[in-house]
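What follows is a single structure, written as structure tokens, with notes after it.
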Amino acid sequence: MIDYERFFSEESNLYRVSDIRKLLEVAKQKELISLGGGLPDFRIIDLNEVLDAVTTVIMNKGNIALQYSATNGEPSFIDALTEYLEKDVGLEVKENESIIVTTGSQQAIDITARLFLNPNDVLLLEKPTYVASLNAFFPRRPRFEGLEITSDDGISIDELESKLEKLKKEGIKPKVLYIIPSYQNPTGAILPEKSRRKIVELAHEYDFLVVEDDPYSQLTYEGEKPKPIKAFDKEGRVIYISTLSKVVSPGLRIGFVLADRAVINRYSLIKQALDLHSSTLTQLIAEELLRRGFHRKYLSKIIPIYRSRRDAMLRSLEEELGDNAVWTRPRGGMFVFVWLKNNIDTKKLLEKAIDSGVLYVPGSGFYYDGSGRNTMRLNFSYPSEQDIRKGIKILGELVKSEAERNG
């Protein structure tokens, strides 16, 4: 038997196993109510329209769709993305800026980590944050500086400013702030516009870059859609990452980055080494769907459904966990984040939850330091309202039992 451990690189040992990916496998193997994965619900879409779009691409552009493409992306698709950003997202694509298409936004995050982070560079980030971004950051060995999320308004700008000033006194300059300002994963928090403006000012004052990860802003259930931090950027400090996974399809694996051309040129060099380019076929399918307005029709159908499921989850949490937990009340997105009282460890509780027929994601994986042992992320976008009520009732009974045991 070969001892492969002695062949593996040091960097490979820094990747973590994703709790979410493992849980999705568990959900497939058992009949569970899954409040775990962050799945958009595409069960309501008209598959005939998707089939027609695919057929149109193959019949009319088959010689292009099945061929190699430019590393930055198929030009006609980038044109469609530019129109999407300007009409739907509210971003102006400036003359000095460019777009690169990535294989999902996860690849964009991975390239970002490779591009900007050296060992011990200071990386500012929300605490908790998107678990898969941490797996991209860990191998780069940065110095993590966490900004606690304790409310529905996201990070505290006062805490950010205080941390920046403390680092300055130590003679340390932060490199990057990574932030999900709109309906954050995992908390669902949304950063107010005044805080977004202030972040751009602080980035200029303390000379760091902002990496804005924006998968969820189109999933707005209350009020107006938020303006990206990038909308307030006048000097190119904000690198904007997004995806079509939540508004067209995750299966197409379409992500993209908008930034100054000098930055995109470096992204392109790294992407060439990773996969040459993202799928030409899926880019052209996505383009066809965007030009047909598929995303707008889908969002108009799904947003009322997501809103109703969110409301069902919040009501159920109040009824079943009201005395034993606190949680976020998101105005959009796909998640509610829960902090349990009485020192309940959600990783230990998970086994009992699975045995009882319900699945959630323990929150500690969203913390770079492994803290947050009493937290869990709940997804409301995919399960039915009936399953949400039933699942939360089961969790409430388990949490009450653990609280009595710990009390």
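Ordered as shown in the structure tokens, chains take letters A, B, and onward, while each chain numbers its residues from 1 and ligands are numbered from 1 in the order shown.
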Those of range 164-345 of chain A in DSSP helix (DSSP H, G or I), formatted as a PyMOL selection string: chain A and resi 164-169+193-206+229-232+250-252+261-275+280-291+294-321
List the neighbours of range 256-270 of chain A out to 7 Å using only C-alpha atoms; skip same-chain residues closer than 2 positions along the sequence, and give me the result as a PDB file with N, CA and C atoms, in the first residue's frame.
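The new file around18.pdb reads:
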ATOM      1  N   THR A  71     -10.280  33.178 -23.657  1.00  0.00           N
ATOM      2  CA  THR A  71     -10.183  32.955 -22.207  1.00  0.00           C
ATOM      3  C   THR A  71     -11.148  33.849 -21.441  1.00  0.00           C
ATOM      4  N   ASN A  72     -11.272  35.096 -21.865  1.00  0.00           N
ATOM      5  CA  ASN A  72     -12.132  36.030 -21.131  1.00  0.00           C
ATOM      6  C   ASN A  72     -13.619  35.749 -21.336  1.00  0.00           C
ATOM      7  N   ASN A  96     -12.766  51.823 -19.006  1.00  0.00           N
ATOM      8  CA  ASN A  96     -11.509  51.212 -18.588  1.00  0.00           C
ATOM      9  C   ASN A  96     -11.715  49.862 -17.909  1.00  0.00           C
ATOM     10  N   GLU A  97     -12.975  49.408 -17.848  1.00  0.00           N
ATOM     11  CA  GLU A  97     -13.273  48.144 -17.182  1.00  0.00           C
ATOM     12  C   GLU A  97     -13.515  47.027 -18.193  1.00  0.00           C
ATOM     13  N   SER A  98     -13.398  45.814 -17.699  1.00  0.00           N
ATOM     14  CA  SER A  98     -13.597  44.657 -18.553  1.00  0.00           C
ATOM     15  C   SER A  98     -14.226  43.538 -17.737  1.00  0.00           C
ATOM     16  N   ILE A  99     -14.703  42.508 -18.435  1.00  0.00           N
ATOM     17  CA  ILE A  99     -15.368  41.356 -17.804  1.00  0.00           C
ATOM     18  C   ILE A  99     -14.627  40.085 -18.217  1.00  0.00           C
ATOM     19  N   ILE A 100     -14.493  39.174 -17.265  1.00  0.00           N
ATOM     20  CA  ILE A 100     -14.018  37.834 -17.588  1.00  0.00           C
ATOM     21  C   ILE A 100     -15.055  36.840 -17.087  1.00  0.00           C
ATOM     22  N   VAL A 101     -15.363  35.856 -17.923  1.00  0.00           N
ATOM     23  CA  VAL A 101     -16.320  34.807 -17.571  1.00  0.00           C
ATOM     24  C   VAL A 101     -15.563  33.678 -16.879  1.00  0.00           C
ATOM     25  N   THR A 102     -16.130  33.192 -15.773  1.00  0.00           N
ATOM     26  CA  THR A 102     -15.498  32.106 -15.029  1.00  0.00           C
ATOM     27  C   THR A 102     -16.447  30.919 -14.918  1.00  0.00           C
ATOM     28  N   SER A 105     -19.034  31.335  -9.987  1.00  0.00           N
ATOM     29  CA  SER A 105     -18.351  32.386  -9.222  1.00  0.00           C
ATOM     30  C   SER A 105     -17.303  31.794  -8.293  1.00  0.00           C
ATOM     31  N   ALA A 108     -14.081  32.287  -9.786  1.00  0.00           N
ATOM     32  CA  ALA A 108     -13.693  33.691  -9.665  1.00  0.00           C
ATOM     33  C   ALA A 108     -13.077  33.966  -8.296  1.00  0.00           C
ATOM     34  N   ILE A 111      -9.558  32.318  -8.173  1.00  0.00           N
ATOM     35  CA  ILE A 111      -8.560  33.114  -8.898  1.00  0.00           C
ATOM     36  C   ILE A 111      -8.228  34.381  -8.118  1.00  0.00           C
ATOM     37  N   GLY A 236     -11.717  52.347  -9.215  1.00  0.00           N
ATOM     38  CA  GLY A 236     -11.344  50.977  -9.562  1.00  0.00           C
ATOM     39  C   GLY A 236     -10.872  50.142  -8.406  1.00  0.00           C
ATOM     40  N   ILE A 239     -13.599  45.134  -6.915  1.00  0.00           N
ATOM     41  CA  ILE A 239     -13.628  44.033  -7.875  1.00  0.00           C
ATOM     42  C   ILE A 239     -14.947  43.306  -7.657  1.00  0.00           C
ATOM     43  N   TYR A 240     -15.770  43.305  -8.684  1.00  0.00           N
ATOM     44  CA  TYR A 240     -17.142  42.810  -8.560  1.00  0.00           C
ATOM     45  C   TYR A 240     -17.243  41.400  -9.121  1.00  0.00           C
ATOM     46  N   ILE A 241     -17.702  40.465  -8.274  1.00  0.00           N
ATOM     47  CA  ILE A 241     -17.887  39.068  -8.664  1.00  0.00           C
ATOM     48  C   ILE A 241     -19.372  38.740  -8.573  1.00  0.00           C
ATOM     49  N   SER A 242     -19.882  38.050  -9.581  1.00  0.00           N
ATOM     50  CA  SER A 242     -21.274  37.614  -9.521  1.00  0.00           C
ATOM     51  C   SER A 242     -21.450  36.333 -10.342  1.00  0.00           C
ATOM     52  N   THR A 243     -22.702  35.928 -10.485  1.00  0.00           N
ATOM     53  CA  THR A 243     -23.025  34.639 -11.091  1.00  0.00           C
ATOM     54  C   THR A 243     -24.432  34.684 -11.663  1.00  0.00           C
ATOM     55  N   ILE A 254     -21.945  29.535 -14.727  1.00  0.00           N
ATOM     56  CA  ILE A 254     -21.540  30.832 -15.262  1.00  0.00           C
ATOM     57  C   ILE A 254     -21.319  31.814 -14.119  1.00  0.00           C
ATOM     58  N   GLN A 272      -6.167  30.876 -17.764  1.00  0.00           N
ATOM     59  CA  GLN A 272      -5.577  30.066 -18.840  1.00  0.00           C
ATOM     60  C   GLN A 272      -4.928  28.812 -18.272  1.00  0.00           C
ATOM     61  N   ALA A 273      -4.267  28.956 -17.116  1.00  0.00           N
ATOM     62  CA  ALA A 273      -3.594  27.813 -16.501  1.00  0.00           C
ATOM     63  C   ALA A 273      -4.581  26.827 -15.883  1.00  0.00           C
ATOM     64  N   LEU A 274      -5.775  27.306 -15.528  1.00  0.00           N
ATOM     65  CA  LEU A 274      -6.756  26.451 -14.861  1.00  0.00           C
ATOM     66  C   LEU A 274      -7.595  25.642 -15.845  1.00  0.00           C
TER      67      LEU A 274
END
Write out as a PDB file with N, CA, C and O atoms, in the first residue's frame which residues come within 7 Å of range 192-205 of chain A when counting only C-alpha atoms, dropping same-chain ones fewer than 4 positions away.
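selection38.pdb was written with the following content:
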ATOM      1  N   ASP A 153     -28.028  44.110   9.508  1.00  0.00           N
ATOM      2  CA  ASP A 153     -27.342  45.145   8.725  1.00  0.00           C
ATOM      3  C   ASP A 153     -25.894  44.789   8.423  1.00  0.00           C
ATOM      4  O   ASP A 153     -25.130  45.642   7.952  1.00  0.00           O
ATOM      5  N   ILE A 157     -19.532  49.172  10.549  1.00  0.00           N
ATOM      6  CA  ILE A 157     -18.520  50.048   9.952  1.00  0.00           C
ATOM      7  C   ILE A 157     -17.614  50.615  11.033  1.00  0.00           C
ATOM      8  O   ILE A 157     -16.418  50.831  10.805  1.00  0.00           O
ATOM      9  N   LEU A 209      -8.072  46.916  -1.411  1.00  0.00           N
ATOM     10  CA  LEU A 209      -9.052  46.568  -2.434  1.00  0.00           C
ATOM     11  C   LEU A 209     -10.278  45.931  -1.802  1.00  0.00           C
ATOM     12  O   LEU A 209     -10.181  45.284  -0.758  1.00  0.00           O
ATOM     13  N   ILE A 229     -21.789  47.745  -4.009  1.00  0.00           N
ATOM     14  CA  ILE A 229     -20.699  48.637  -3.579  1.00  0.00           C
ATOM     15  C   ILE A 229     -19.984  49.178  -4.804  1.00  0.00           C
ATOM     16  O   ILE A 229     -19.564  50.339  -4.847  1.00  0.00           O
ATOM     17  N   PHE A 232     -20.555  52.655  -6.312  1.00  0.00           N
ATOM     18  CA  PHE A 232     -20.019  53.863  -5.684  1.00  0.00           C
ATOM     19  C   PHE A 232     -18.507  53.992  -5.874  1.00  0.00           C
ATOM     20  O   PHE A 232     -17.880  54.899  -5.329  1.00  0.00           O
ATOM     21  N   ASP A 233     -17.943  53.103  -6.662  1.00  0.00           N
ATOM     22  CA  ASP A 233     -16.487  53.034  -6.873  1.00  0.00           C
ATOM     23  C   ASP A 233     -16.079  53.944  -8.025  1.00  0.00           C
ATOM     24  O   ASP A 233     -16.489  53.730  -9.165  1.00  0.00           O
TER      25      ASP A 233
END
Distance query Asn13 in chain A at most 12 Å, only C-alpha atoms, self and fewer than 2 positions along chain excluded, as a list in words: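 Selected residues are Glu5, Arg6, Phe7, Phe8, Ser9, Glu10, Glu11, Tyr15, Arg16, Val17, Asn135, Phe138, Pro139, Arg140 and Arg141 of chain A.
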Got time to write the residues from that selection, all heavy atoms, as a short mmCIF file (atom, residue, chain, number, x, y, z; two decimals), in the first residue's frame?
data_model
loop_
_atom_site.label_atom_id
_atom_site.label_comp_id
_atom_site.auth_asym_id
_atom_site.auth_seq_id
_atom_site.Cartn_x
_atom_site.Cartn_y
_atom_site.Cartn_z
N GLU A 5 0.41 10.16 1.49
CA GLU A 5 0.54 11.41 2.25
C GLU A 5 1.90 12.07 2.02
O GLU A 5 1.99 13.29 1.98
CB GLU A 5 0.35 11.14 3.75
CG GLU A 5 -1.09 10.80 4.14
CD GLU A 5 -2.04 11.95 3.89
OE1 GLU A 5 -1.63 13.12 4.02
OE2 GLU A 5 -3.20 11.68 3.53
N ARG A 6 2.93 11.27 1.84
CA ARG A 6 4.26 11.86 1.66
C ARG A 6 4.44 12.50 0.29
O ARG A 6 5.41 13.22 0.06
CB ARG A 6 5.35 10.80 1.92
CG ARG A 6 5.30 9.61 0.99
CD ARG A 6 6.19 8.48 1.50
NE ARG A 6 6.08 7.29 0.67
CZ ARG A 6 6.86 7.03 -0.38
NH1 ARG A 6 7.82 7.89 -0.72
NH2 ARG A 6 6.70 5.93 -1.08
N PHE A 7 3.50 12.24 -0.63
CA PHE A 7 3.57 12.86 -1.95
C PHE A 7 2.73 14.14 -2.06
O PHE A 7 2.95 14.95 -2.94
CB PHE A 7 3.10 11.87 -3.02
CG PHE A 7 4.00 10.69 -3.20
CD1 PHE A 7 3.72 9.47 -2.60
CD2 PHE A 7 5.16 10.79 -3.97
CE1 PHE A 7 4.55 8.38 -2.77
CE2 PHE A 7 5.99 9.71 -4.16
CZ PHE A 7 5.70 8.50 -3.55
N PHE A 8 1.75 14.28 -1.18
CA PHE A 8 0.86 15.44 -1.29
C PHE A 8 1.59 16.73 -0.93
O PHE A 8 2.47 16.75 -0.06
CB PHE A 8 -0.35 15.28 -0.35
CG PHE A 8 -1.26 14.15 -0.72
CD1 PHE A 8 -1.94 13.43 0.26
CD2 PHE A 8 -1.47 13.80 -2.04
CE1 PHE A 8 -2.79 12.39 -0.07
CE2 PHE A 8 -2.32 12.77 -2.39
CZ PHE A 8 -2.97 12.05 -1.40
N SER A 9 1.23 17.82 -1.60
CA SER A 9 1.85 19.11 -1.32
C SER A 9 1.35 19.66 0.01
O SER A 9 0.27 19.30 0.50
CB SER A 9 1.51 20.11 -2.43
OG SER A 9 0.13 20.45 -2.41
N GLU A 10 2.13 20.59 0.59
CA GLU A 10 1.71 21.25 1.82
C GLU A 10 0.40 22.01 1.59
O GLU A 10 -0.48 22.04 2.44
CB GLU A 10 2.80 22.21 2.30
CG GLU A 10 4.05 21.53 2.81
CD GLU A 10 5.08 22.52 3.29
OE1 GLU A 10 4.73 23.73 3.41
OE2 GLU A 10 6.22 22.12 3.56
N GLU A 11 0.29 22.63 0.42
CA GLU A 11 -0.91 23.41 0.12
C GLU A 11 -2.15 22.53 0.11
O GLU A 11 -3.22 22.94 0.60
CB GLU A 11 -0.76 24.11 -1.24
CG GLU A 11 -1.97 24.95 -1.63
CD GLU A 11 -1.78 25.66 -2.95
OE1 GLU A 11 -0.81 26.43 -3.07
OE2 GLU A 11 -2.60 25.43 -3.86
N TYR A 15 -6.76 22.56 2.44
CA TYR A 15 -8.16 22.57 2.04
C TYR A 15 -9.00 21.81 3.06
O TYR A 15 -8.58 20.79 3.61
CB TYR A 15 -8.33 21.92 0.66
CG TYR A 15 -7.76 22.73 -0.47
CD1 TYR A 15 -6.48 22.47 -0.96
CD2 TYR A 15 -8.49 23.74 -1.06
CE1 TYR A 15 -5.95 23.21 -2.01
CE2 TYR A 15 -7.98 24.49 -2.11
CZ TYR A 15 -6.70 24.21 -2.58
OH TYR A 15 -6.18 24.95 -3.61
N ARG A 16 -10.20 22.34 3.33
CA ARG A 16 -11.12 21.69 4.25
C ARG A 16 -12.18 20.91 3.48
O ARG A 16 -12.58 21.32 2.39
CB ARG A 16 -11.86 22.72 5.11
CG ARG A 16 -11.03 23.41 6.17
CD ARG A 16 -11.95 24.32 6.98
NE ARG A 16 -11.24 25.11 7.97
CZ ARG A 16 -11.83 26.01 8.74
NH1 ARG A 16 -13.14 26.24 8.61
NH2 ARG A 16 -11.13 26.69 9.63
N VAL A 17 -12.65 19.83 4.07
CA VAL A 17 -13.80 19.14 3.52
C VAL A 17 -15.02 20.02 3.74
O VAL A 17 -15.23 20.54 4.84
CB VAL A 17 -13.99 17.76 4.20
CG1 VAL A 17 -15.26 17.09 3.71
CG2 VAL A 17 -12.78 16.87 3.93
N ASN A 135 -12.26 28.07 1.67
CA ASN A 135 -11.43 27.00 1.09
C ASN A 135 -10.53 27.54 -0.01
O ASN A 135 -9.49 26.95 -0.31
CB ASN A 135 -12.32 25.88 0.54
CG ASN A 135 -11.92 24.53 1.10
OD1 ASN A 135 -11.03 24.43 1.94
ND2 ASN A 135 -12.56 23.48 0.62
N PHE A 138 -7.72 29.67 2.43
CA PHE A 138 -6.82 28.96 3.34
C PHE A 138 -5.46 28.62 2.72
O PHE A 138 -4.41 28.83 3.35
CB PHE A 138 -7.47 27.68 3.88
CG PHE A 138 -8.50 27.91 4.95
CD1 PHE A 138 -9.70 27.22 4.93
CD2 PHE A 138 -8.27 28.80 5.99
CE1 PHE A 138 -10.66 27.42 5.90
CE2 PHE A 138 -9.22 29.02 6.97
CZ PHE A 138 -10.42 28.33 6.93
N PRO A 139 -5.42 28.07 1.49
CA PRO A 139 -4.11 27.70 0.93
C PRO A 139 -3.18 28.89 0.68
O PRO A 139 -1.98 28.70 0.51
CB PRO A 139 -4.48 27.02 -0.40
CG PRO A 139 -5.88 26.58 -0.22
CD PRO A 139 -6.51 27.61 0.62
N ARG A 140 -3.72 30.09 0.66
CA ARG A 140 -2.90 31.29 0.45
C ARG A 140 -2.25 31.75 1.76
O ARG A 140 -1.44 32.65 1.76
CB ARG A 140 -3.75 32.41 -0.15
CG ARG A 140 -4.60 31.97 -1.36
CD ARG A 140 -3.83 32.07 -2.67
NE ARG A 140 -2.80 31.07 -2.88
CZ ARG A 140 -3.03 29.85 -3.36
NH1 ARG A 140 -4.25 29.45 -3.64
NH2 ARG A 140 -2.03 29.02 -3.56
N ARG A 141 -2.70 31.22 2.89
CA ARG A 141 -2.14 31.49 4.21
C ARG A 141 -2.18 32.98 4.58
O ARG A 141 -1.18 33.54 5.06
CB ARG A 141 -0.71 30.98 4.31
CG ARG A 141 -0.54 29.48 4.11
CD ARG A 141 0.92 29.11 4.23
NE ARG A 141 1.14 27.69 4.16
CZ ARG A 141 1.44 27.03 3.05
NH1 ARG A 141 1.51 27.69 1.90
NH2 ARG A 141 1.65 25.74 3.07
#
Per-residue DSSP, range 125-222 of chain A, filtered to strand (DSSP E or B), as a PyMOL selection string: chain A and resi 125-127+143-149+155+176-179+209-213+220
Residue among A:Ile33, A:Pro181, A:Asp110, A:Gly90 lying closest to Ile394 in chain A, counting only C-alpha atoms: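 For Ile394 in chain A, the nearest of the given residues is A:Ile33.
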Distance query Leu134 in chain A at most 8 Å, only C-alpha atoms, self and fewer than 5 positions along chain excluded, as number ranges by chain: A: 129, 366, 368
Polymer residues at most 7 Å from Ile180 in chain A, only C-alpha atoms, same-chain spacing of 5 or more positions, as a ChimeraX atom specification: /A:212-214
Keeping only all heavy atoms, write the selected residues to a file as a tab-separated table (two decimals), in the first residue's frame.
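And here is the file that came out, selection-v3.tsv:
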chain	number	residue	atom	x	y	z
A	212	GLU	N	-16.15	42.38	-3.93
A	212	GLU	CA	-17.58	42.30	-3.67
A	212	GLU	C	-18.15	41.06	-4.34
A	212	GLU	O	-18.13	40.93	-5.56
A	212	GLU	CB	-18.28	43.54	-4.19
A	212	GLU	CG	-19.79	43.52	-3.99
A	212	GLU	CD	-20.49	44.78	-4.49
A	212	GLU	OE1	-19.86	45.54	-5.27
A	212	GLU	OE2	-21.65	45.01	-4.10
A	213	ASP	N	-18.68	40.15	-3.53
A	213	ASP	CA	-19.28	38.91	-4.03
A	213	ASP	C	-20.80	39.10	-3.98
A	213	ASP	O	-21.38	39.26	-2.90
A	213	ASP	CB	-18.83	37.75	-3.12
A	213	ASP	CG	-19.19	36.39	-3.69
A	213	ASP	OD1	-19.78	36.33	-4.80
A	213	ASP	OD2	-18.90	35.38	-3.02
A	214	ASP	N	-21.45	39.06	-5.14
A	214	ASP	CA	-22.86	39.47	-5.22
A	214	ASP	C	-23.72	38.43	-5.95
A	214	ASP	O	-24.21	38.67	-7.05
A	214	ASP	CB	-22.96	40.83	-5.92
A	214	ASP	CG	-24.39	41.36	-5.98
A	214	ASP	OD1	-25.16	41.06	-5.04
A	214	ASP	OD2	-24.73	42.05	-6.94
Atom pair CA of Lys347 in chain A / CA of Glu145 in chain A: separation (Å):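 Separation between CA of Lys347 in chain A and CA of Glu145 in chain A: 24.4 Å.
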Interatomic distance, CA of Leu378 in chain A to CA of Ala286 in chain A (Å, one decimal): 29.1 Å
Neighbour list for Gly333 in chain A as a list in words, cut-off 8 Å, only C-alpha atoms, skip fewer than 2 positions in-chain: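 In the requested format, the answer is Ser182, Tyr183, Gln184, Gly188, Tyr216, Ser217, Leu219, Thr220, Pro330, Arg331 and Phe335 of chain A.
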